[in-house]
Structures are given as C-alpha cells and as structure tokens.
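J.: Handing over input_16.tsv, TSV, C-alpha atoms.
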```
chain	number	residue	atom	x	y	z
O	20	MET	CA	38.53	13.04	4.85
O	21	ASN	CA	38.26	16.36	6.59
O	22	LEU	CA	35.13	17.74	4.96
O	23	PRO	CA	35.17	21.36	6.20
O	24	ALA	CA	38.83	21.73	5.21
O	25	GLN	CA	38.09	20.21	1.79
O	26	ILE	CA	35.31	22.69	1.19
O	27	PHE	CA	37.39	25.59	2.44
O	28	ALA	CA	40.21	24.61	0.06
O	29	ALA	CA	37.78	24.29	-2.86
O	30	VAL	CA	36.31	27.73	-2.14
O	31	LEU	CA	39.80	29.20	-1.89
O	32	GLY	CA	40.87	27.58	-5.14
O	33	THR	CA	37.75	28.68	-6.98
O	34	VAL	CA	38.18	32.26	-5.81
O	35	GLY	CA	41.83	32.10	-6.92
O	36	PHE	CA	40.67	31.14	-10.39
O	37	SER	CA	38.05	33.89	-10.40
O	38	ILE	CA	40.86	36.36	-9.78
O	39	MET	CA	42.94	34.90	-12.61
O	40	PHE	CA	40.00	35.13	-15.00
O	41	SER	CA	39.31	38.75	-13.98
O	42	VAL	CA	35.85	38.11	-12.61
O	43	PRO	CA	34.43	41.39	-11.19
O	44	ARG	CA	35.27	41.56	-7.50
O	45	GLU	CA	31.66	41.64	-6.26
O	46	TYR	CA	31.15	38.12	-7.64
O	47	TYR	CA	34.06	36.45	-5.80
O	48	PRO	CA	31.85	35.21	-2.93
O	49	LEU	CA	29.28	33.71	-5.29
O	50	CYS	CA	31.97	32.04	-7.40
O	51	GLY	CA	33.48	30.57	-4.24
O	52	PHE	CA	30.04	29.40	-3.13
O	53	VAL	CA	29.37	27.65	-6.46
O	54	GLY	CA	32.77	25.95	-6.51
O	55	GLY	CA	32.54	24.99	-2.84
O	56	ALA	CA	29.03	23.60	-3.21
O	57	GLY	CA	30.10	21.48	-6.18
O	58	TRP	CA	33.04	20.04	-4.30
O	59	PHE	CA	30.89	19.48	-1.20
O	60	LEU	CA	28.48	17.34	-3.23
O	61	TYR	CA	31.41	15.53	-4.86
O	62	CYS	CA	32.79	14.62	-1.43
O	63	LEU	CA	29.35	13.52	-0.20
O	64	VAL	CA	28.71	11.23	-3.18
O	65	LEU	CA	32.23	9.84	-3.52
O	66	PRO	CA	31.96	7.18	-0.76
O	67	TYR	CA	29.00	5.62	-2.58
O	68	ALA	CA	30.03	5.99	-6.20
O	69	ALA	CA	32.92	6.02	-8.65
O	70	PRO	CA	34.67	9.37	-9.25
O	71	PRO	CA	33.02	9.98	-12.66
O	72	GLU	CA	29.58	9.50	-11.11
O	73	ALA	CA	30.37	11.84	-8.24
O	74	THR	CA	31.71	14.33	-10.79
O	75	LEU	CA	28.47	14.14	-12.76
O	76	ALA	CA	26.41	14.90	-9.67
O	77	ALA	CA	28.68	17.80	-8.75
O	78	ALA	CA	28.73	19.17	-12.31
O	79	VAL	CA	24.94	19.18	-12.42
O	80	LEU	CA	24.83	21.14	-9.17
O	81	VAL	CA	27.52	23.59	-10.35
O	82	VAL	CA	25.68	24.34	-13.60
O	83	LEU	CA	22.32	24.70	-11.81
O	84	LEU	CA	23.77	27.11	-9.26
O	85	SER	CA	25.68	29.03	-11.94
O	86	ARG	CA	22.53	29.57	-13.96
O	87	LEU	CA	20.58	30.64	-10.87
O	88	CYS	CA	23.31	33.10	-9.87
O	89	ALA	CA	23.49	34.44	-13.44
O	90	ILE	CA	19.79	35.23	-13.49
O	91	TRP	CA	19.76	36.54	-9.97
O	92	ARG	CA	22.65	38.96	-10.56
O	93	ARG	CA	21.84	39.55	-14.26
O	94	CYS	CA	25.23	38.66	-15.64
O	95	PRO	CA	26.72	36.03	-17.96
O	96	VAL	CA	26.58	32.47	-16.62
O	97	THR	CA	30.19	32.06	-17.75
O	98	ILE	CA	31.33	34.11	-14.75
O	99	PHE	CA	30.22	31.45	-12.27
O	100	LEU	CA	30.43	28.37	-14.44
O	101	ILE	CA	34.10	28.53	-15.44
O	102	PRO	CA	35.65	28.99	-11.97
O	103	GLY	CA	33.02	26.71	-10.39
O	104	ILE	CA	33.67	23.76	-12.68
O	105	ILE	CA	37.46	23.86	-12.25
O	106	PRO	CA	37.68	21.78	-9.04
O	107	LEU	CA	36.01	18.95	-10.99
O	108	VAL	CA	38.43	19.04	-13.92
O	109	PRO	CA	40.50	15.82	-13.78
O	110	GLY	CA	43.83	17.61	-13.36
O	111	GLY	CA	45.02	15.09	-10.80
O	112	ASP	CA	44.35	12.11	-13.06
O	113	ILE	CA	46.15	13.71	-15.98
O	114	TYR	CA	49.10	14.34	-13.68
O	115	TRP	CA	49.18	10.72	-12.55
O	116	MET	CA	48.96	9.56	-16.14
O	117	ALA	CA	52.05	11.60	-17.06
O	118	TYR	CA	53.76	10.38	-13.89
O	119	TYR	CA	53.16	6.69	-14.63
O	120	ILE	CA	54.20	7.09	-18.24
O	121	VAL	CA	57.55	8.43	-17.08
O	122	MET	CA	57.78	5.61	-14.52
O	123	ASN	CA	57.13	3.11	-17.32
O	124	GLN	CA	54.02	1.78	-15.57
O	125	VAL	CA	51.90	1.73	-18.68
O	126	ASP	CA	48.92	-0.12	-17.16
O	127	LEU	CA	48.51	2.41	-14.39
O	128	ALA	CA	49.02	5.27	-16.86
O	129	ALA	CA	46.27	3.94	-19.13
O	130	GLU	CA	43.98	3.49	-16.14
O	131	LYS	CA	44.47	7.08	-15.00
O	132	GLY	CA	44.13	8.42	-18.53
O	133	PHE	CA	40.88	6.54	-19.01
O	134	GLU	CA	39.61	7.81	-15.67
O	135	ALA	CA	40.40	11.38	-16.76
O	136	VAL	CA	38.40	10.88	-19.96
O	137	LYS	CA	35.45	9.45	-18.02
O	138	ILE	CA	35.48	12.40	-15.63
O	139	ALA	CA	35.67	14.86	-18.52
O	140	VAL	CA	32.68	13.14	-20.15
O	141	ALA	CA	30.79	13.41	-16.85
O	142	ILE	CA	31.41	17.16	-16.83
O	143	VAL	CA	30.27	17.41	-20.44
O	144	LEU	CA	27.05	15.51	-19.66
O	145	GLY	CA	26.34	17.73	-16.67
O	146	ILE	CA	26.75	20.90	-18.71
O	147	VAL	CA	24.88	19.61	-21.76
O	148	PHE	CA	21.81	18.44	-19.88
O	149	VAL	CA	21.40	21.26	-17.40
O	150	PHE	CA	21.66	23.83	-20.20
O	151	GLN	CA	18.62	22.20	-21.80
O	152	VAL	CA	16.45	23.31	-18.88
O	153	PRO	CA	14.61	26.39	-20.17
O	154	GLN	CA	15.66	29.77	-18.85
O	155	ARG	CA	12.10	30.41	-17.64
O	156	ALA	CA	12.36	27.66	-15.04
O	157	PHE	CA	15.35	29.38	-13.47
O	158	GLY	CA	13.63	32.75	-13.71
O	159	ALA	CA	10.69	31.34	-11.76
O	160	VAL	CA	12.96	30.01	-9.01
O	161	VAL	CA	14.76	33.34	-8.70
O	162	ARG	CA	11.45	35.22	-8.48
O	163	LEU	CA	10.31	32.84	-5.77
O	164	PHE	CA	13.35	33.75	-3.70
O	165	ARG	CA	13.02	37.47	-4.41
O	166	LYS	CA	9.49	37.58	-3.03
O	167	ARG	CA	10.54	36.35	0.37
E	27	MET	CA	23.16	55.54	-45.40
E	28	GLU	CA	26.32	56.15	-43.45
E	29	HIS	CA	24.37	55.39	-40.29
E	30	GLU	CA	24.20	51.70	-41.04
E	31	ARG	CA	27.95	51.37	-41.09
E	32	GLU	CA	28.17	53.14	-37.74
E	33	ILE	CA	25.60	50.84	-36.15
E	34	MET	CA	27.20	47.70	-37.51
E	35	ASP	CA	30.59	48.86	-36.27
E	36	VAL	CA	29.24	49.23	-32.75
E	37	ALA	CA	27.58	45.81	-32.88
E	38	ILE	CA	30.75	44.19	-34.20
E	39	GLU	CA	32.92	45.88	-31.62
E	40	ALA	CA	30.69	44.43	-28.88
E	41	GLY	CA	31.02	40.97	-30.43
E	42	HIS	CA	34.76	41.41	-30.80
E	43	ILE	CA	35.25	42.25	-27.11
E	44	LEU	CA	33.09	39.30	-26.06
E	45	LEU	CA	34.89	36.78	-28.26
E	46	GLU	CA	38.32	38.02	-27.28
E	47	ASN	CA	37.66	37.80	-23.55
E	48	GLY	CA	36.19	34.35	-23.17
E	49	ALA	CA	32.49	34.45	-24.07
E	50	GLU	CA	30.77	31.55	-25.79
E	51	ILE	CA	29.84	31.83	-29.50
E	52	PHE	CA	26.12	31.95	-28.82
E	53	ARG	CA	26.52	35.06	-26.67
E	54	VAL	CA	28.69	36.78	-29.29
E	55	GLU	CA	26.18	36.25	-32.08
E	56	GLU	CA	23.15	37.01	-29.93
E	57	THR	CA	24.69	40.31	-28.79
E	58	VAL	CA	25.55	41.42	-32.32
E	59	TYR	CA	22.00	40.63	-33.48
E	60	ARG	CA	20.39	42.37	-30.56
E	61	ILE	CA	22.37	45.57	-30.91
E	62	SER	CA	21.96	45.84	-34.67
E	63	ARG	CA	18.26	45.03	-34.47
E	64	HIS	CA	17.65	47.55	-31.72
E	65	TYR	CA	19.11	50.32	-33.89
E	66	GLY	CA	16.92	49.25	-36.79
E	67	ILE	CA	19.02	46.93	-38.92
E	68	ASP	CA	17.18	43.67	-39.51
E	69	SER	CA	19.35	42.41	-42.34
E	70	GLY	CA	22.43	41.78	-40.19
E	71	SER	CA	24.00	38.36	-40.41
E	72	ILE	CA	26.93	36.97	-38.46
E	73	PHE	CA	29.09	33.88	-38.56
E	74	THR	CA	31.57	33.31	-35.76
E	75	LEU	CA	34.59	31.12	-35.38
E	76	SER	CA	36.71	30.77	-32.29
E	77	ASN	CA	39.08	33.40	-33.70
E	78	GLY	CA	37.09	35.41	-36.21
E	79	LEU	CA	33.86	37.28	-36.95
E	80	PHE	CA	32.22	37.51	-40.36
E	81	VAL	CA	29.42	40.07	-40.49
E	82	THR	CA	27.26	41.37	-43.30
E	83	ALA	CA	24.23	43.64	-43.58
E	84	ASP	CA	22.22	44.52	-46.65
E	85	SER	CA	19.37	46.91	-45.87
E	86	VAL	CA	17.18	48.33	-48.62
E	87	GLY	CA	18.51	51.68	-49.81
E	88	ALA	CA	21.92	51.30	-48.19
E	89	GLU	CA	25.30	50.16	-49.41
E	90	PRO	CA	25.84	46.48	-48.64
E	91	PHE	CA	28.03	46.10	-45.60
E	92	ALA	CA	30.54	43.33	-44.98
E	93	LYS	CA	33.34	42.95	-42.50
E	94	VAL	CA	35.70	40.20	-41.45
E	95	ILE	CA	37.54	40.57	-38.18
E	96	HIS	CA	40.36	38.43	-36.95
E	97	VAL	CA	40.21	37.98	-33.17
E	98	PRO	CA	43.31	36.40	-31.69
E	99	VAL	CA	42.34	34.50	-28.58
E	100	GLY	CA	43.61	36.39	-25.55
E	101	SER	CA	43.49	35.60	-21.87
E	102	ALA	CA	40.04	35.65	-20.35
E	103	HIS	CA	38.73	38.90	-18.86
E	104	LEU	CA	35.30	37.91	-17.66
E	105	ASP	CA	34.73	41.40	-16.24
E	106	ARG	CA	34.67	42.72	-19.82
E	107	VAL	CA	32.24	39.99	-20.85
E	108	ALA	CA	29.98	41.02	-17.97
E	109	ALA	CA	30.28	44.71	-18.89
E	110	VAL	CA	29.36	44.18	-22.56
E	111	ASN	CA	26.46	41.98	-21.47
E	112	GLN	CA	25.19	44.73	-19.22
E	113	LEU	CA	25.65	47.32	-21.99
E	114	SER	CA	23.72	45.25	-24.51
E	115	ARG	CA	20.85	44.90	-22.07
E	116	GLU	CA	20.80	48.65	-21.46
E	117	ILE	CA	20.99	49.37	-25.19
E	118	GLU	CA	17.84	47.29	-25.63
E	119	GLU	CA	16.18	49.32	-22.88
E	120	GLY	CA	16.93	52.39	-25.00
E	121	LYS	CA	19.44	54.00	-22.67
E	122	TYR	CA	22.20	54.54	-25.25
E	123	THR	CA	22.52	56.34	-28.56
E	124	VAL	CA	24.87	54.77	-31.09
E	125	GLY	CA	27.58	57.30	-30.23
E	126	GLN	CA	27.25	56.71	-26.49
E	127	ALA	CA	27.36	52.97	-27.00
E	128	ARG	CA	30.55	53.32	-29.00
E	129	ALA	CA	32.14	55.41	-26.23
E	130	GLU	CA	31.07	52.88	-23.61
E	131	LEU	CA	32.58	50.01	-25.63
E	132	GLU	CA	35.79	51.98	-25.92
E	133	ARG	CA	35.81	52.30	-22.14
E	134	ILE	CA	35.18	48.58	-21.67
E	135	ARG	CA	37.96	47.67	-24.10
E	136	HIS	CA	40.39	49.67	-21.97
E	137	MET	CA	39.06	48.59	-18.60
E	138	PRO	CA	42.13	48.06	-16.45
E	139	GLY	CA	42.85	44.40	-15.78
E	140	LYS	CA	43.81	43.08	-12.37
E	141	SER	CA	47.29	44.10	-11.25
E	142	TYR	CA	50.08	41.56	-11.65
E	143	ARG	CA	50.34	41.22	-7.91
E	144	THR	CA	46.65	40.39	-7.55
E	145	GLN	CA	46.84	37.85	-10.37
E	146	VAL	CA	49.85	36.14	-8.81
E	147	ILE	CA	48.04	35.93	-5.47
E	148	GLY	CA	45.01	34.48	-7.28
E	149	ALA	CA	47.14	31.82	-8.94
E	150	ALA	CA	48.86	31.00	-5.66
E	151	LEU	CA	45.50	30.63	-3.88
E	152	GLY	CA	44.29	28.38	-6.67
E	153	SER	CA	47.40	26.21	-6.36
E	154	ALA	CA	47.13	25.99	-2.58
E	155	GLY	CA	43.43	25.06	-2.71
E	156	PHE	CA	43.83	22.42	-5.39
E	157	ALA	CA	46.92	20.83	-3.88
E	158	TYR	CA	44.78	20.18	-0.83
E	159	ILE	CA	41.63	18.90	-2.53
E	160	TYR	CA	43.62	16.59	-4.79
E	161	GLY	CA	44.99	14.86	-1.70
E	162	GLY	CA	47.86	16.94	-0.27
E	163	SER	CA	48.41	17.99	3.34
E	164	PRO	CA	48.27	21.62	4.55
E	165	ILE	CA	52.08	21.81	4.31
E	166	ASP	CA	51.92	20.59	0.70
E	167	SER	CA	49.35	23.27	0.14
E	168	LEU	CA	51.75	25.91	1.43
E	169	ALA	CA	54.51	24.66	-0.87
E	170	ALA	CA	52.07	24.68	-3.81
E	171	PHE	CA	51.15	28.25	-2.90
E	172	ILE	CA	54.77	29.34	-3.38
E	173	ALA	CA	55.41	27.20	-6.46
E	174	GLY	CA	52.12	28.35	-8.01
E	175	ALA	CA	53.07	31.99	-7.46
E	176	LEU	CA	56.48	31.40	-9.09
E	177	LEU	CA	54.83	29.73	-12.07
E	178	TYR	CA	52.46	32.63	-12.55
E	179	VAL	CA	55.32	35.13	-12.48
E	180	TYR	CA	56.89	33.02	-15.24
E	181	ILE	CA	53.59	33.03	-17.18
E	182	LEU	CA	53.16	36.79	-16.89
E	183	PHE	CA	56.70	37.82	-17.77
E	184	VAL	CA	58.03	35.07	-20.01
E	185	SER	CA	55.56	32.69	-21.57
E	186	ARG	CA	52.55	34.94	-22.29
E	187	PRO	CA	54.48	37.79	-23.94
E	188	HIS	CA	57.19	35.77	-25.68
E	189	LEU	CA	56.23	32.14	-26.21
E	190	SER	CA	53.65	30.26	-28.26
E	191	LYS	CA	50.90	28.52	-26.35
E	192	MET	CA	52.39	25.05	-26.75
E	193	VAL	CA	55.93	25.96	-25.74
E	194	GLY	CA	54.55	28.17	-22.98
E	195	SER	CA	52.52	25.29	-21.53
E	196	ILE	CA	55.34	22.75	-21.75
E	197	THR	CA	57.91	25.07	-20.16
E	198	GLY	CA	55.27	26.24	-17.66
E	199	GLY	CA	54.68	22.67	-16.54
E	200	ALA	CA	58.44	22.20	-16.27
E	201	VAL	CA	58.96	25.41	-14.29
E	202	ALA	CA	56.25	24.47	-11.82
E	203	THR	CA	57.73	20.98	-11.38
E	204	VAL	CA	61.27	22.29	-10.85
E	205	ALA	CA	60.02	24.90	-8.37
E	206	SER	CA	58.09	22.21	-6.47
E	207	MET	CA	61.12	19.90	-6.42
E	208	ILE	CA	63.36	22.64	-5.06
E	209	LEU	CA	60.86	23.48	-2.31
E	210	TYR	CA	60.46	19.79	-1.54
E	211	GLY	CA	64.24	19.37	-1.50
E	212	LEU	CA	64.50	22.26	0.97
E	213	GLY	CA	62.14	20.35	3.26
E	214	LEU	CA	58.88	22.20	2.57
E	215	GLY	CA	56.05	19.79	1.90
E	216	GLU	CA	55.45	16.10	2.44
E	217	HIS	CA	54.26	14.77	-0.93
E	218	LEU	CA	55.98	16.01	-4.06
E	219	ASN	CA	53.17	14.72	-6.30
E	220	TYR	CA	50.47	16.83	-4.70
E	221	ILE	CA	52.66	19.91	-4.64
E	222	VAL	CA	53.22	19.60	-8.38
E	223	ILE	CA	49.52	18.96	-9.08
E	224	GLY	CA	48.67	22.13	-7.18
E	225	ALA	CA	51.47	24.17	-8.68
E	226	VAL	CA	50.53	23.56	-12.33
E	227	VAL	CA	46.86	24.23	-11.81
E	228	SER	CA	46.94	27.81	-13.12
E	229	LEU	CA	47.90	26.44	-16.55
E	230	ILE	CA	44.67	24.43	-16.82
E	231	PRO	CA	42.67	25.71	-19.82
E	232	GLY	CA	39.39	26.05	-17.94
E	233	VAL	CA	37.92	28.73	-20.18
E	234	ALA	CA	38.68	26.90	-23.43
E	235	PHE	CA	37.40	23.59	-22.03
E	236	THR	CA	34.12	24.95	-20.64
E	237	ASN	CA	33.39	27.14	-23.66
E	238	ALA	CA	34.19	24.28	-26.03
E	239	ILE	CA	31.53	22.13	-24.37
E	240	ARG	CA	28.98	24.92	-24.48
E	241	ASP	CA	29.72	25.77	-28.11
E	242	ILE	CA	29.39	22.15	-29.17
E	243	THR	CA	26.12	21.91	-27.22
E	244	ASP	CA	24.84	24.97	-29.08
E	245	GLU	CA	25.81	23.21	-32.32
E	246	ASN	CA	28.57	25.68	-33.08
E	247	TYR	CA	30.72	22.69	-33.89
E	248	LEU	CA	33.52	24.40	-35.72
E	249	ALA	CA	34.30	26.90	-32.99
E	250	GLY	CA	33.68	24.29	-30.30
E	251	VAL	CA	35.99	21.71	-31.80
E	252	VAL	CA	38.77	24.25	-32.25
E	253	ARG	CA	38.43	25.30	-28.63
E	254	MET	CA	38.35	21.68	-27.46
E	255	LEU	CA	41.49	20.96	-29.47
E	256	ASP	CA	43.07	24.00	-27.87
E	257	ALA	CA	42.17	22.76	-24.39
E	258	LEU	CA	43.34	19.18	-25.02
E	259	LEU	CA	46.60	20.40	-26.51
E	260	VAL	CA	47.29	22.54	-23.46
E	261	PHE	CA	46.46	19.66	-21.10
E	262	PHE	CA	48.80	17.44	-23.07
E	263	CYS	CA	51.58	20.05	-23.07
E	264	ILE	CA	51.36	20.58	-19.30
E	265	ALA	CA	51.63	16.84	-18.72
E	266	MET	CA	54.55	16.74	-21.13
E	267	GLY	CA	56.39	19.52	-19.29
E	268	VAL	CA	55.93	17.76	-15.95
E	269	GLY	CA	56.89	14.40	-17.43
E	270	LEU	CA	60.02	15.75	-19.10
E	271	VAL	CA	61.39	17.11	-15.84
E	272	TYR	CA	60.63	13.82	-14.08
E	273	ALA	CA	62.30	11.85	-16.85
E	274	VAL	CA	65.45	14.00	-16.69
E	275	VAL	CA	65.62	13.87	-12.91
E	276	GLN	CA	65.08	10.13	-12.91
E	277	ARG	CA	67.91	9.63	-15.39
E	278	MET	CA	70.26	11.76	-13.32
E	279	MET	CA	69.47	10.50	-9.84
E	280	GLY	CA	67.46	7.31	-10.18
E	281	GLY	CA	63.91	7.03	-8.90
E	282	ALA	CA	64.80	7.96	-5.33
E	283	VAL	CA	63.69	11.63	-5.33
E	284	LEU	CA	60.24	10.73	-6.61
```
Would you give me this structure, written as structure tokens?

T.:
Amino acid sequence: MNLPAQIFAAVLGTVGFSIMFSVPREYYPLCGFVGGAGWFLYCLVLPYAAPPEATLAAAVLVVLLSRLCAIWRRCPVTIFLIPGIIPLVPGGDIYWMAYYIVMNQVDLAAEKGFEAVKIAVAIVLGIVFVFQVPQRAFGAVVRLFRKR
Amino acid sequence: MEHEREIMDVAIEAGHILLENGAEIFRVEETVYRISRHYGIDSGSIFTLSNGLFVTADSVGAEPFAKVIHVPVGSAHLDRVAAVNQLSREIEEGKYTVGQARAELERIRHMPGKSYRTQVIGAALGSAGFAYIYGGSPIDSLAAFIAGALLYVYILFVSRPHLSKMVGSITGGAVATVASMILYGLGLGEHLNYIVIGAVVSLIPGVAFTNAIRDITDENYLAGVVRMLDALLVFFCIAMGVGLVYAVVQRMMGGAVL
C-alpha cells in the first residue's frame, strides 16, 4: 500500500465532499486534514486488526479532531465531522454486497453486507463515545495550544 | 405584547435555517432557546422532528404563542449552519437587536450556494479520491473523476429538481454505473468495480447518516430514527441502481464484461 498516495486521495476526497456540502471555503484545509488523519490512522491500524477495529480507531480520531477544530475555530462540529467521517463509511462493502447479489454469490454477499454493518457500528461507537467527553476538556486543550 | 411574537419569529427562523441545512436536532433546539431567552422570553418551548418544528411560548401578560413549521429536508449547506451558529453567539453577546437579527437571518437564508461548476468539481474530486482509497489505481481514479462529474450533472439537473429521493438514488446509481462502463469500454481504467465505487460516492447520504447517529446519541430518537431510515434507504437504493445495471448487462452479454 502506498501510504502517502492513500492519504493524498483521502484528503482530496474529503475536500470534494466539503465542497458538495457547501462548507465555507476557509475550512477546506481543516476538513481535508481531519479526513486525511482519519484515513492515515485507518491504514496504520489495518495490518494489525480487522477493518471494523481499524474503523473504530479512525472514527475516534476523526471525532476528536473535529471537536478540537470546532472549538478552535468557533464553528459547528458538523462542518468537520461530516466530511471527515466519509472515508470510513463502508461504501465499498455495500457495493460488493450488491455486486455479489447480482452474481448470485449469496455467501460472499452476506459476508460483505455483515462487514458493512460492523463497520457502521464501529463508526457509531466512535461518535457516541467521543461525544461523551465534556466540552471543557477540549476547551482546555485548545487553550493550551493558543498559549504557545 | 406584539414584541413576543417578533422575538419568537426570529428564534424560529434561526431554527428553521439550521434544520433545513443539515444541523443536528440538539443544535436547532439549543439555538431557539438561546435566542428567545436572550431577548427575555423564558417560557419558550420547542419540539423538533427531522422535518418539522413545534414551538410555543406563554409569557405572563402576553398572548400565548404557538407555531408549527414544516421543514422539508433540503441538501446540506453547512455554510448556513455555521453562519447561524455565529449569529446566535453574537446575539448572546448583545450585538444584535431583534430587527437586525431578523435582517441577518434573511441574508443567511439567501446566501448564494456554490456554483454548479464548483459542485461538480467537488463531486468529481470526491469520486477520484474514493476510487483510489477503496482499492483502485490512479487510472481508475481518473475514470471515476469523469464518471463522478457526469453523475453530479445528472443529480443537479434531473434527479434533485424532478425526482423523489428513492427514484433519484436508484437512477443515480444506474447512471454512474453506465457512465463507468462506457469509460471502461473505451479503455479508460483498469478495474470497473473501483471506478463504479468511486463514481457513486457523491450519492452517499453522509449528512443523514452522521446526524442520525448524533441525534440518537442525544436521545432525540424520533428524529434520529427517521434520519437513519433515510440514510439506509438511500444506501439501499444506490446499491439497487448499480445492481440493476449489472443484472441487465449480465443478461445481455454474459458475465464477461464484469
């Protein structure tokens, strides 16, 4: 796997989605950074873990970074979270499921479909847990960086 | 007290813009409360669904106020969400009178969206990027760029203005698959599968999916479940559109092209 190219493609894709969702232009770089960082972690973890586990790790990072960026730039977390999470969405698995259904390979289709559900659950867990961290904790981190 | 009505209208308009453009329920309700409270109405109460606002206020000495607003779910404009967020913060800092806030909301509502050309380029970049990260080669990525752009032109001019969400997603998936097959047939790209995966990516309901999770986490189950259903339905429809084209092509030519 060509890691720099992977990250570049993830950043590009995330920025593309930011454009589609009408994110204000000044936030494109941050959106790209969040999406790229998430995919970077996914690629790092993947050799040692199953895709849902790697997705969970990446989702946690994406939500953490999104919340930090939101407090830093004083804008809704949605702006970074939605484009940033998109590389992790199991679009590929859903595609393969449809593909195998058409090809009449039901076992493979079920496998891919189940994988897609597991990955979606991993994303849900990442979002649910990191949003439990109180806002103050993020505020403190941002202030720490501001002082420097 | 005519004033109360005016204040509530401003608060509701802020909530309306947020809900319409892809904000989570928590933010909508919080913003309406904050604005109404800042201007002195403590009796405001709001209930939000994924496509509607129900607001009442009943201050002492004023006519009871109630309003129901239907908010059809549009495409996401996160710049408007950011602008209303900023406005609500500045209202709390005391920078706006009710009249000024109303004018500012009017401006936000009519904020120009991104031009069609920019949106198509965005979709094409998304397709190119995702074709690559899902396993394609750079050439596949280029083919996905073109197919993704074609799909978005279809979305902007045909499916969004004229078709329901379900039919739009099914035909969108089909259009992207046909476009990818044609490009692949012309010799552009090495793996048809990855081109198609990239090409359909702009149909993915990212806003509905992410907001659904957040709403359910905030215990806004009703709105969250509706949004999740919306997202799952769209996922299903995209897969169906892709699958239909494959099934037809397979019938006509055998499995060889795939």

J.: Between E:Lys191, E:Arg60, E:His29, E:His103, which one has atoms that come closest to O:Thr97, using only C-alpha atoms?

T.: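 Of E:Lys191, E:Arg60, E:His29, E:His103, the one nearest O:Thr97, counting only C-alpha atoms, is E:His103.
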
J.: Pick out the chain O residues within 6 Å of chain E. Count all atoms listed in the file. Give them as a PDB file with C-alpha atoms, in the frame of the given file.

T.:
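Listed below is the output, selection.pdb:
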```
ATOM      1  CA  GLN O  25      38.090  20.210   1.790  1.00  0.00           C
ATOM      2  CA  ALA O  28      40.210  24.610   0.060  1.00  0.00           C
ATOM      3  CA  ALA O  29      37.780  24.290  -2.860  1.00  0.00           C
ATOM      4  CA  LEU O  31      39.800  29.200  -1.890  1.00  0.00           C
ATOM      5  CA  GLY O  32      40.870  27.580  -5.140  1.00  0.00           C
ATOM      6  CA  GLY O  35      41.830  32.100  -6.920  1.00  0.00           C
ATOM      7  CA  PHE O  36      40.670  31.140 -10.390  1.00  0.00           C
ATOM      8  CA  ILE O  38      40.860  36.360  -9.780  1.00  0.00           C
ATOM      9  CA  MET O  39      42.940  34.900 -12.610  1.00  0.00           C
ATOM     10  CA  PHE O  40      40.000  35.130 -15.000  1.00  0.00           C
ATOM     11  CA  SER O  41      39.310  38.750 -13.980  1.00  0.00           C
ATOM     12  CA  VAL O  42      35.850  38.110 -12.610  1.00  0.00           C
ATOM     13  CA  PRO O  43      34.430  41.390 -11.190  1.00  0.00           C
ATOM     14  CA  CYS O  94      25.230  38.660 -15.640  1.00  0.00           C
ATOM     15  CA  PRO O  95      26.720  36.030 -17.960  1.00  0.00           C
ATOM     16  CA  ALA O 117      52.050  11.600 -17.060  1.00  0.00           C
ATOM     17  CA  VAL O 121      57.550   8.430 -17.080  1.00  0.00           C
TER      18      VAL O 121
END
```

J.: Of the residues O:Gly54, O:Gly158, O:Gly103, O:Pro109, which is the one nearest to O:Ile138, using only C-alpha atoms?

T.: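 Using only C-alpha atoms, O:Ile138 sits closest to O:Pro109.
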
J.: Could you tell me which of E:Ser62, E:Asn246, E:Thr197, E:Asp241 comes closest to O:Phe150 if we count all atoms listed in the file?

T.: E:Asp241

J.: So which one's closest to O:Pro23, O:Tyr114, O:Phe52, O:Tyr67, O:Phe59? Using all atoms listed in the file, please.

T.: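 Distance minimum relative to O:Pro23 lands on O:Phe59.
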
J.: Measure the distance from atom CA of E:Val94 to atom CA of E:Arg31 in Å and round it to one decimal.

T.: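 So the answer is 13.6 Å.
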
J.: Around all the atoms of stretch 117-130 of chain O listed in the file, draw an axis-aligned box and extend it by 4 Å on each of the six sides; I want its centre and edge lengths in Å to one decimal, as AutoDock Vina command-line options.

T.:
```
--center_x 50.9 --center_y 5.7 --center_z -16.5 --size_x 21.8 --size_y 19.7 --size_z 13.2
```

J.: Using Å and a single decimal, report how far atom CA of E:Leu131 sits from atom CA of E:Glu39.

T.: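 If I compute the distance from atom CA of E:Glu39 to atom CA of E:Leu131, I get 7.3 Å.
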
J.: Using only C-alpha atoms, pick whichever of E:Met278, E:Ala170, E:Ile72, E:Leu113 has the shortest atom-to-atom distance to E:His217.

T.: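 Counting only C-alpha atoms, the residue closest to E:His217 is E:Ala170.
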
J.: Hey, what's within 6 Å of O:Leu75 if we count only C-alpha atoms and toss same-chain stuff fewer than 5 positions away? As number ranges by chain, please?

T.: O: 141-142, 145

J.: Between atom CA of E:Leu176 and atom CA of E:Arg135, measure the distance and give it in Å to one decimal.

T.: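 Answer for the atom CA of E:Leu176 to atom CA of E:Arg135 separation: 28.9 Å.
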
J.: With stretch 159-164 of chain O as the partner and 9 Å as the cut-off, tabulate the residues of stretch 48-103 of chain O that qualify, each row holding the nearest pair of atoms and their distance in Å to one decimal, using only C-alpha atoms, sorted by chain and rising number, as JSON lines.

T.:
```
{"residue": "O:Leu87", "atom": "CA", "partner": "O:Val161", "partner_atom": "CA", "distance": 6.8}
{"residue": "O:Cys88", "atom": "CA", "partner": "O:Val161", "partner_atom": "CA", "distance": 8.6}
{"residue": "O:Ile90", "atom": "CA", "partner": "O:Val161", "partner_atom": "CA", "distance": 7.2}
{"residue": "O:Trp91", "atom": "CA", "partner": "O:Val161", "partner_atom": "CA", "distance": 6.1}
```

J.: Using only C-alpha atoms, pick whichever of O:Leu49, O:Ile98, O:Leu60, O:Leu107 has the shortest atom-to-atom distance to O:Val140.

T.: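 Nearest candidate to O:Val140 out of O:Leu49, O:Ile98, O:Leu60, O:Leu107: O:Leu107.
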
J.: List as an MDAnalysis selection string the protein and nucleic acid residues near O:Ile26, meaning an atom at most 8 Å away when all atoms listed in the file are counted, but skip any in the same chain fewer than 5 places from it.

T.: chainID O and resid 55:56 58:59

J.: Name the residues, using the chain letters and numbers of the file, that sit within 8 Å of (27.3, 43.8, -43.0) when counting only C-alpha atoms, and give them as a list in words.

T.: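 It turns out the residues near that spot are Arg31, Met34, Gly70, Ser71, Val81, Thr82, Ala83, Asp84, Pro90, Phe91, Ala92 and Lys93 of chain E.
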
J.: I need every residue sitting at most 9 Å from the point (32.1, 48.8, -27.5) (coordinates as in the file, only C-alpha atoms considered), written as JSON, numbers by chain.

T.: {"E": [35, 36, 37, 38, 39, 40, 41, 42, 43, 110, 113, 127, 128, 129, 130, 131, 132, 133, 134, 135]}

J.: When you look at O:Leu63 with a cut-off of 12 Å (counting all atoms listed in the file), what residues show up, excluding the ones that are within fewer than 5 positions of it in the same chain? I need them as a list in words.

T.: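 Skipping anything fewer than 5 positions along the chain leaves Met20, Asn21, Leu22, Pro23, Gln25, Ile26, Ala56, Gly57, Trp58, Ala68, Ala69, Pro70, Glu72, Ala73, Thr74, Ala76 and Ala77 of chain O.
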